[in-house]
>>> print(open('coords-v2.txt').read())   # compact mmCIF, C-alpha atoms and all ligand atoms
# COMPACT_ATOMS: atom_id res chain seq x y z
CA MET A 1325 0.00 0.00 0.00
CA ARG A 1326 1.15 3.46 -0.97
CA ILE A 1327 0.36 6.22 1.56
CA ASP A 1328 0.86 9.92 0.91
CA VAL A 1329 0.23 12.63 3.48
CA LEU A 1330 0.03 16.34 2.69
CA THR A 1331 0.51 18.68 5.65
CA ILE A 1332 2.10 21.95 6.79
CA PHE A 1333 3.58 20.04 9.75
CA PRO A 1334 5.45 17.04 8.28
CA GLU A 1335 7.11 16.36 11.63
CA TYR A 1336 3.67 15.48 13.06
CA LEU A 1337 3.76 12.32 10.95
CA GLU A 1338 7.14 11.06 12.21
CA PRO A 1339 5.43 8.56 14.59
CA LEU A 1340 4.40 6.63 11.46
CA ARG A 1341 8.04 5.63 11.07
CA ALA A 1342 8.33 4.13 14.55
CA ALA A 1343 7.65 0.63 15.93
CA LEU A 1344 5.18 -1.60 14.13
CA LEU A 1345 4.53 0.75 11.22
CA GLY A 1346 8.23 1.42 10.86
CA LYS A 1347 8.78 -2.31 10.48
CA ALA A 1348 5.97 -2.52 7.92
CA ILE A 1349 7.72 0.24 5.95
CA ASP A 1350 11.07 -1.57 6.23
CA LYS A 1351 9.36 -4.76 5.00
CA LYS A 1352 7.94 -2.67 2.12
CA LEU A 1353 4.39 -3.64 3.07
CA ILE A 1354 3.58 0.07 3.02
CA SER A 1355 5.32 3.17 1.71
CA VAL A 1356 4.74 6.47 3.49
CA ASP A 1357 5.61 9.76 1.84
CA VAL A 1358 4.93 13.00 3.68
CA HIS A 1359 4.72 16.20 1.64
CA ASP A 1360 5.09 19.74 2.97
CA LEU A 1361 2.23 21.83 1.60
CA ARG A 1362 4.41 24.95 1.77
CA ASP A 1363 6.56 23.47 -1.02
CA TYR A 1364 3.61 24.33 -3.29
CA THR A 1365 3.49 28.03 -2.39
CA HIS A 1366 5.18 30.69 -4.48
CA ASP A 1367 5.20 33.75 -2.27
CA VAL A 1368 7.95 34.80 0.10
CA HIS A 1369 5.69 34.17 3.12
CA LYS A 1370 4.71 30.70 1.83
CA ALA A 1371 1.08 31.59 2.65
CA VAL A 1372 -1.30 28.63 2.84
CA ASP A 1373 -4.34 30.37 4.32
CA ASP A 1374 -6.52 33.43 3.89
CA SER A 1375 -9.58 35.06 5.46
CA PRO A 1376 -12.94 33.30 5.06
CA TYR A 1377 -15.51 34.67 2.56
CA GLY A 1378 -18.60 35.69 4.49
CA GLY A 1379 -16.51 36.67 7.52
CA GLY A 1380 -16.22 34.66 10.71
CA PRO A 1381 -13.32 33.59 12.90
CA GLY A 1382 -10.09 31.98 11.80
CA MET A 1383 -8.57 31.39 8.40
CA VAL A 1384 -9.27 28.99 5.52
CA MET A 1385 -6.62 27.09 3.57
CA LYS A 1386 -6.10 28.43 0.07
CA PRO A 1387 -7.37 26.32 -2.85
CA GLN A 1388 -4.50 27.19 -5.22
CA VAL A 1389 -1.83 25.71 -2.95
CA TRP A 1390 -3.83 22.55 -2.32
CA GLY A 1391 -4.68 22.24 -6.00
CA GLU A 1392 -1.03 22.29 -7.06
CA ALA A 1393 0.00 19.91 -4.28
CA LEU A 1394 -2.73 17.38 -5.05
CA ASP A 1395 -2.09 17.60 -8.80
CA THR A 1396 1.50 16.59 -8.13
CA VAL A 1397 1.13 14.08 -5.28
CA CYS A 1398 -2.07 12.45 -6.57
CA ALA A 1399 -1.07 12.35 -10.22
CA PRO A 1400 -2.28 9.03 -11.70
CA GLU A 1401 0.29 6.24 -11.74
CA ALA A 1402 1.50 4.77 -15.03
CA ASP A 1403 -1.39 2.27 -15.06
CA GLY A 1404 -3.89 5.03 -14.31
CA THR A 1405 -4.29 4.17 -10.62
CA LEU A 1406 -5.48 7.07 -8.48
CA PRO A 1407 -5.58 7.28 -4.67
CA ARG A 1408 -8.54 7.40 -2.36
CA LEU A 1409 -8.23 10.96 -1.03
CA ILE A 1410 -9.11 11.12 2.67
CA VAL A 1411 -9.70 14.48 4.31
CA PRO A 1412 -9.96 14.40 8.12
CA THR A 1413 -12.57 16.89 9.34
CA PRO A 1414 -14.99 17.19 12.27
CA ALA A 1415 -17.73 17.43 9.62
CA GLY A 1416 -16.82 14.09 8.06
CA ARG A 1417 -18.43 10.66 7.98
CA PRO A 1418 -17.52 8.75 11.17
CA PHE A 1419 -14.46 6.53 10.72
CA THR A 1420 -15.29 2.91 11.58
CA GLN A 1421 -13.56 -0.47 11.61
CA GLU A 1422 -15.57 -1.30 8.50
CA MET A 1423 -14.03 1.73 6.73
CA ALA A 1424 -10.59 0.66 7.95
CA ARG A 1425 -11.20 -2.76 6.41
CA GLU A 1426 -12.28 -1.13 3.14
CA TYR A 1427 -9.25 1.16 3.06
CA ALA A 1428 -6.96 -1.82 3.75
CA THR A 1429 -8.03 -3.31 0.40
CA LEU A 1430 -6.94 -0.22 -1.57
CA PRO A 1431 -3.54 0.15 -3.25
CA TRP A 1432 -3.12 3.88 -2.48
CA LEU A 1433 -4.37 6.28 0.17
CA ALA A 1434 -3.67 10.02 0.16
CA PHE A 1435 -4.44 12.11 3.25
CA ALA A 1436 -5.00 15.87 3.10
CA CYS A 1437 -4.38 17.41 6.53
CA GLY A 1438 -6.30 20.61 7.04
CA ARG A 1439 -5.42 23.24 9.63
CA TYR A 1440 -7.08 26.47 10.73
CA GLU A 1441 -10.83 26.34 9.98
CA GLY A 1442 -10.27 23.78 7.26
CA ILE A 1443 -9.64 23.67 3.52
CA ASP A 1444 -11.54 25.69 0.86
CA GLN A 1445 -14.39 23.33 -0.12
CA ARG A 1446 -13.56 23.70 -3.82
CA VAL A 1447 -10.44 21.59 -3.25
CA VAL A 1448 -12.65 18.61 -2.33
CA ASP A 1449 -15.14 19.41 -5.11
CA ASP A 1450 -12.39 19.71 -7.74
CA SER A 1451 -10.59 16.52 -6.59
CA ALA A 1452 -13.86 14.57 -6.57
CA GLY A 1453 -13.93 15.03 -10.35
CA ARG A 1454 -10.84 12.82 -10.64
CA MET A 1455 -10.80 10.49 -7.61
CA GLN A 1456 -13.00 9.33 -4.74
CA VAL A 1457 -12.75 11.81 -1.87
CA ASP A 1458 -13.83 10.82 1.66
CA GLU A 1459 -14.30 13.52 4.30
CA VAL A 1460 -13.85 11.52 7.51
CA SER A 1461 -14.25 12.26 11.22
CA ILE A 1462 -12.49 10.25 13.94
CA GLY A 1463 -14.77 11.60 16.65
CA ASP A 1464 -16.97 14.42 17.82
CA TYR A 1465 -14.34 16.88 18.97
CA VAL A 1466 -12.30 19.50 17.19
CA LEU A 1467 -8.52 19.14 16.91
CA VAL A 1468 -6.14 21.81 15.69
CA GLY A 1469 -5.51 19.95 12.46
CA GLY A 1470 -6.01 16.69 10.63
CA GLU A 1471 -2.55 15.20 11.28
CA VAL A 1472 -3.45 13.35 14.49
CA ALA A 1473 -6.53 11.92 12.78
CA VAL A 1474 -4.25 10.61 10.00
CA LEU A 1475 -2.06 8.82 12.55
CA VAL A 1476 -5.19 7.15 13.94
CA MET A 1477 -6.49 6.06 10.55
CA VAL A 1478 -3.15 4.87 9.19
CA GLU A 1479 -2.61 2.69 12.28
CA ALA A 1480 -6.16 1.28 12.08
CA VAL A 1481 -5.67 0.42 8.39
CA ALA A 1482 -2.04 -0.74 8.38
CA ARG A 1483 -2.59 -3.25 11.22
CA LEU A 1484 -5.07 -5.04 8.94
CA LEU A 1485 -2.52 -5.55 6.16
CA PRO A 1486 -1.08 -9.06 5.90
CA GLY A 1487 2.36 -9.27 7.53
CA VAL A 1488 2.08 -6.08 9.57
CA LEU A 1489 0.88 -7.66 12.81
CA GLY A 1490 2.97 -10.46 14.28
CA ASN A 1491 -0.24 -12.26 15.25
CA PRO A 1492 -2.90 -11.83 12.53
CA ALA A 1493 -5.49 -13.58 14.73
CA SER A 1494 -5.73 -10.51 16.94
CA ALA A 1495 -6.75 -8.40 13.91
CA GLU A 1496 -9.73 -10.70 13.37
CA GLN A 1497 -10.75 -10.91 17.02
CA ASP A 1498 -10.38 -7.28 17.91
CA SER A 1499 -13.14 -4.97 19.09
CA PHE A 1500 -15.96 -4.44 16.63
CA SER A 1501 -15.07 -7.53 14.56
CA ASP A 1502 -18.23 -9.14 16.04
CA GLY A 1503 -19.94 -5.80 16.53
CA LEU A 1504 -19.34 -5.76 20.28
CA LEU A 1505 -16.82 -4.02 22.53
CA GLU A 1506 -14.07 -6.28 23.82
CA GLY A 1507 -14.44 -7.45 27.39
CA PRO A 1508 -11.75 -7.23 30.11
CA SER A 1509 -8.36 -8.92 29.73
CA TYR A 1510 -6.10 -10.36 32.43
CA THR A 1511 -2.60 -11.77 32.74
CA ARG A 1512 -0.28 -12.95 35.55
CA PRO A 1513 -0.15 -12.64 38.51
CA GLU A 1514 -3.31 -14.47 39.59
CA VAL A 1515 -3.81 -11.96 42.44
CA TRP A 1516 -2.56 -8.39 42.26
CA ARG A 1517 -3.20 -5.84 45.05
CA ASP A 1518 -5.81 -8.24 46.47
CA LEU A 1519 -7.60 -8.32 43.09
CA ALA A 1520 -7.97 -11.83 41.69
CA VAL A 1521 -8.35 -12.91 38.05
CA PRO A 1522 -11.94 -14.18 37.46
CA SER A 1523 -11.78 -17.89 38.29
CA VAL A 1524 -13.53 -18.94 35.07
CA LEU A 1525 -10.47 -17.81 33.11
CA ARG A 1526 -8.32 -20.27 35.06
CA SER A 1527 -10.85 -23.12 34.75
CA GLY A 1528 -9.51 -24.53 31.50
CA ASN A 1529 -13.13 -24.96 30.38
CA HIS A 1530 -12.98 -23.13 27.05
CA LYS A 1531 -16.70 -23.41 26.39
CA LEU A 1532 -17.36 -21.69 29.70
CA ILE A 1533 -14.56 -19.17 29.06
CA ASP A 1534 -15.93 -18.26 25.63
CA ARG A 1535 -19.42 -17.85 27.14
CA TRP A 1536 -18.08 -15.66 29.96
CA ARG A 1537 -16.12 -13.49 27.53
CA ARG A 1538 -19.18 -13.06 25.30
CA ASP A 1539 -21.30 -12.10 28.32
CA GLN A 1540 -18.68 -9.57 29.40
CA ALA A 1541 -18.59 -8.09 25.87
CA LEU A 1542 -22.39 -7.86 25.74
CA GLU A 1543 -22.62 -6.30 29.19
CA ARG A 1544 -19.88 -3.77 28.44
CA THR A 1545 -21.46 -2.90 25.09
CA PHE A 1546 -24.92 -2.57 26.67
CA HIS A 1547 -23.60 -0.14 29.32
CA ARG A 1548 -21.11 1.88 27.20
CA ARG A 1549 -22.33 1.72 23.60
CA PRO A 1550 -25.97 0.44 23.56
CA GLU A 1551 -26.40 1.75 20.03
CA LEU A 1552 -23.98 -0.92 18.78
CA LEU A 1553 -26.46 -3.58 19.89
CA ASP A 1554 -29.13 -2.10 17.63
CA ARG A 1555 -26.82 -2.67 14.65
CA LEU A 1556 -26.46 -6.39 15.33
CA GLY A 1557 -28.36 -8.63 12.96
CA ASP A 1558 -30.98 -10.98 14.44
CA ASP A 1559 -28.67 -13.90 13.73
CA GLN A 1560 -25.89 -12.36 15.78
CA LEU A 1561 -27.59 -12.71 19.18
CA ASP A 1562 -28.45 -16.18 20.45
CA LYS A 1563 -31.16 -16.88 23.04
CA HIS A 1564 -28.61 -16.84 25.87
CA ASP A 1565 -27.48 -13.36 24.74
CA ARG A 1566 -31.06 -12.11 24.69
CA ALA A 1567 -31.66 -13.50 28.20
CA LEU A 1568 -28.92 -11.27 29.63
N1 LIG B 1 -12.89 14.28 13.88
C1 LIG B 1 -11.59 14.65 14.38
C2 LIG B 1 -11.03 15.88 13.71
C3 LIG B 1 -10.46 15.82 12.46
C4 LIG B 1 -9.93 16.99 11.91
C5 LIG B 1 -10.04 18.18 12.61
C6 LIG B 1 -9.53 19.44 12.06
C7 LIG B 1 -9.48 20.56 12.87
C8 LIG B 1 -9.02 21.76 12.36
C9 LIG B 1 -8.64 21.85 11.03
C10 LIG B 1 -8.70 20.73 10.22
C11 LIG B 1 -9.14 19.53 10.73
N2 LIG B 1 -10.62 18.20 13.84
C12 LIG B 1 -11.12 17.07 14.36
>>> encode(input="coords-v2.txt", output="structure tokens", more="lines below")
Ligand SMILES: NCc1ccc(-c2ccccc2)nc1
Amino acid sequence: MRIDVLTIFPEYLEPLRAALLGKAIDKKLISVDVHDLRDYTHDVHKAVDDSPYGGGPGMVMKPQVWGEALDTVCAPEADGTLPRLIVPTPAGRPFTQEMAREYATLPWLAFACGRYEGIDQRVVDDSAGRMQVDEVSIGDYVLVGGEVAVLVMVEAVARLLPGVLGNPASAEQDSFSDGLLEGPSYTRPEVWRDLAVPSVLRSGNHKLIDRWRRDQALERTFHRRPELLDRLGDDQLDKHDRAL
């Protein structure tokens, strides 16, 4: 997978080169190129923003700079391949594990990191004429820019790529893979600060353990994210689940 990131703060993306993702880059499972948006300015101040039409607080990122940057970075490859352009924004469609799984099937992702009050909308509208553009939110809060959201999405996607995780099983069994939150996890010691590991987990009875874990996941989901239960298909809850 090819990943390009356009930003005015390239250093914000350095964490992508550490640890697990760094190894995935070394193994050439992914390539990550970070591009400084200011390289596409032509004035002495390297201006990337301007006042908003219609007034209001803050500044908006200039379309010309973004247009030149995207024309260069997202130019079609020799075989015509174009990237999925992902624009992090509080106004975007919520990022989900399902979207991460979709993105993990794509050959090329390009991320446009906005700052200030965001990017002139015409940049999205113009790009949408050439490639699929997804405006995506990673949560209902406002950051200072899109870079942190890119770190979140790249990690969520890259961990799904074959060879990135040491133990692929955990990618399948992680939260949301069955539509529920994961329940609690425990490791040694058996008792820590007078707190014991639930005895069922030490019983060796894997049918019982699986049942207990499912019950814990259902209970946690019911209390923390009840709306996830509404999304479950009828076939996904057995009569024991419904009795809880
Ligand atoms: N949904 C998280 C998120 C994503 C992006 C931004 C953001 C803030 C300022 C400028 C550009 C993007 N804020 C929150």
>>> residues_near_ligand(input="coords-v2.txt", ligand="ligand LIG 1 (chain B)", cutoff="10 Å", atoms="all atoms listed in the file", output="count of residues only")
37
>>> atom_distance(input="coords-v2.txt", atom1="atom CA of Thr1545 of chain A", atom2="atom CA of Ser1527 of chain A")
24.8 Å
>>> closest_residue(input="coords-v2.txt", among="A:Ser1523, A:Thr1331, A:Gln1456, A:Ser1375", to="Leu1409 of chain A", atoms="all atoms listed in the file")
A:Gln1456
>>> residues_around(input="coords-v2.txt", residues="segment 1485-1489 of chain A", least_positions_apart="6", cutoff="9 Å", atoms="only C-alpha atoms", output="ChimeraX atom specification")
/A:1325,1344-1345,1347-1348,1351,1353-1354,1428-1429,1495
>>> atom_distance(input="coords-v2.txt", atom1="atom CA of Arg1408 of chain A", atom2="atom CA of Leu1433 of chain A")
5.0 Å
>>> atom_distance(input="coords-v2.txt", atom1="atom CA of Arg1425 of chain A", atom2="atom CA of Cys1398 of chain A")
22.0 Å
>>> closest_residue(input="coords-v2.txt", among="A:Arg1446, A:Arg1526, A:Lys1352, A:Arg1341", to="Arg1326 of chain A", atoms="only C-alpha atoms")
A:Lys1352
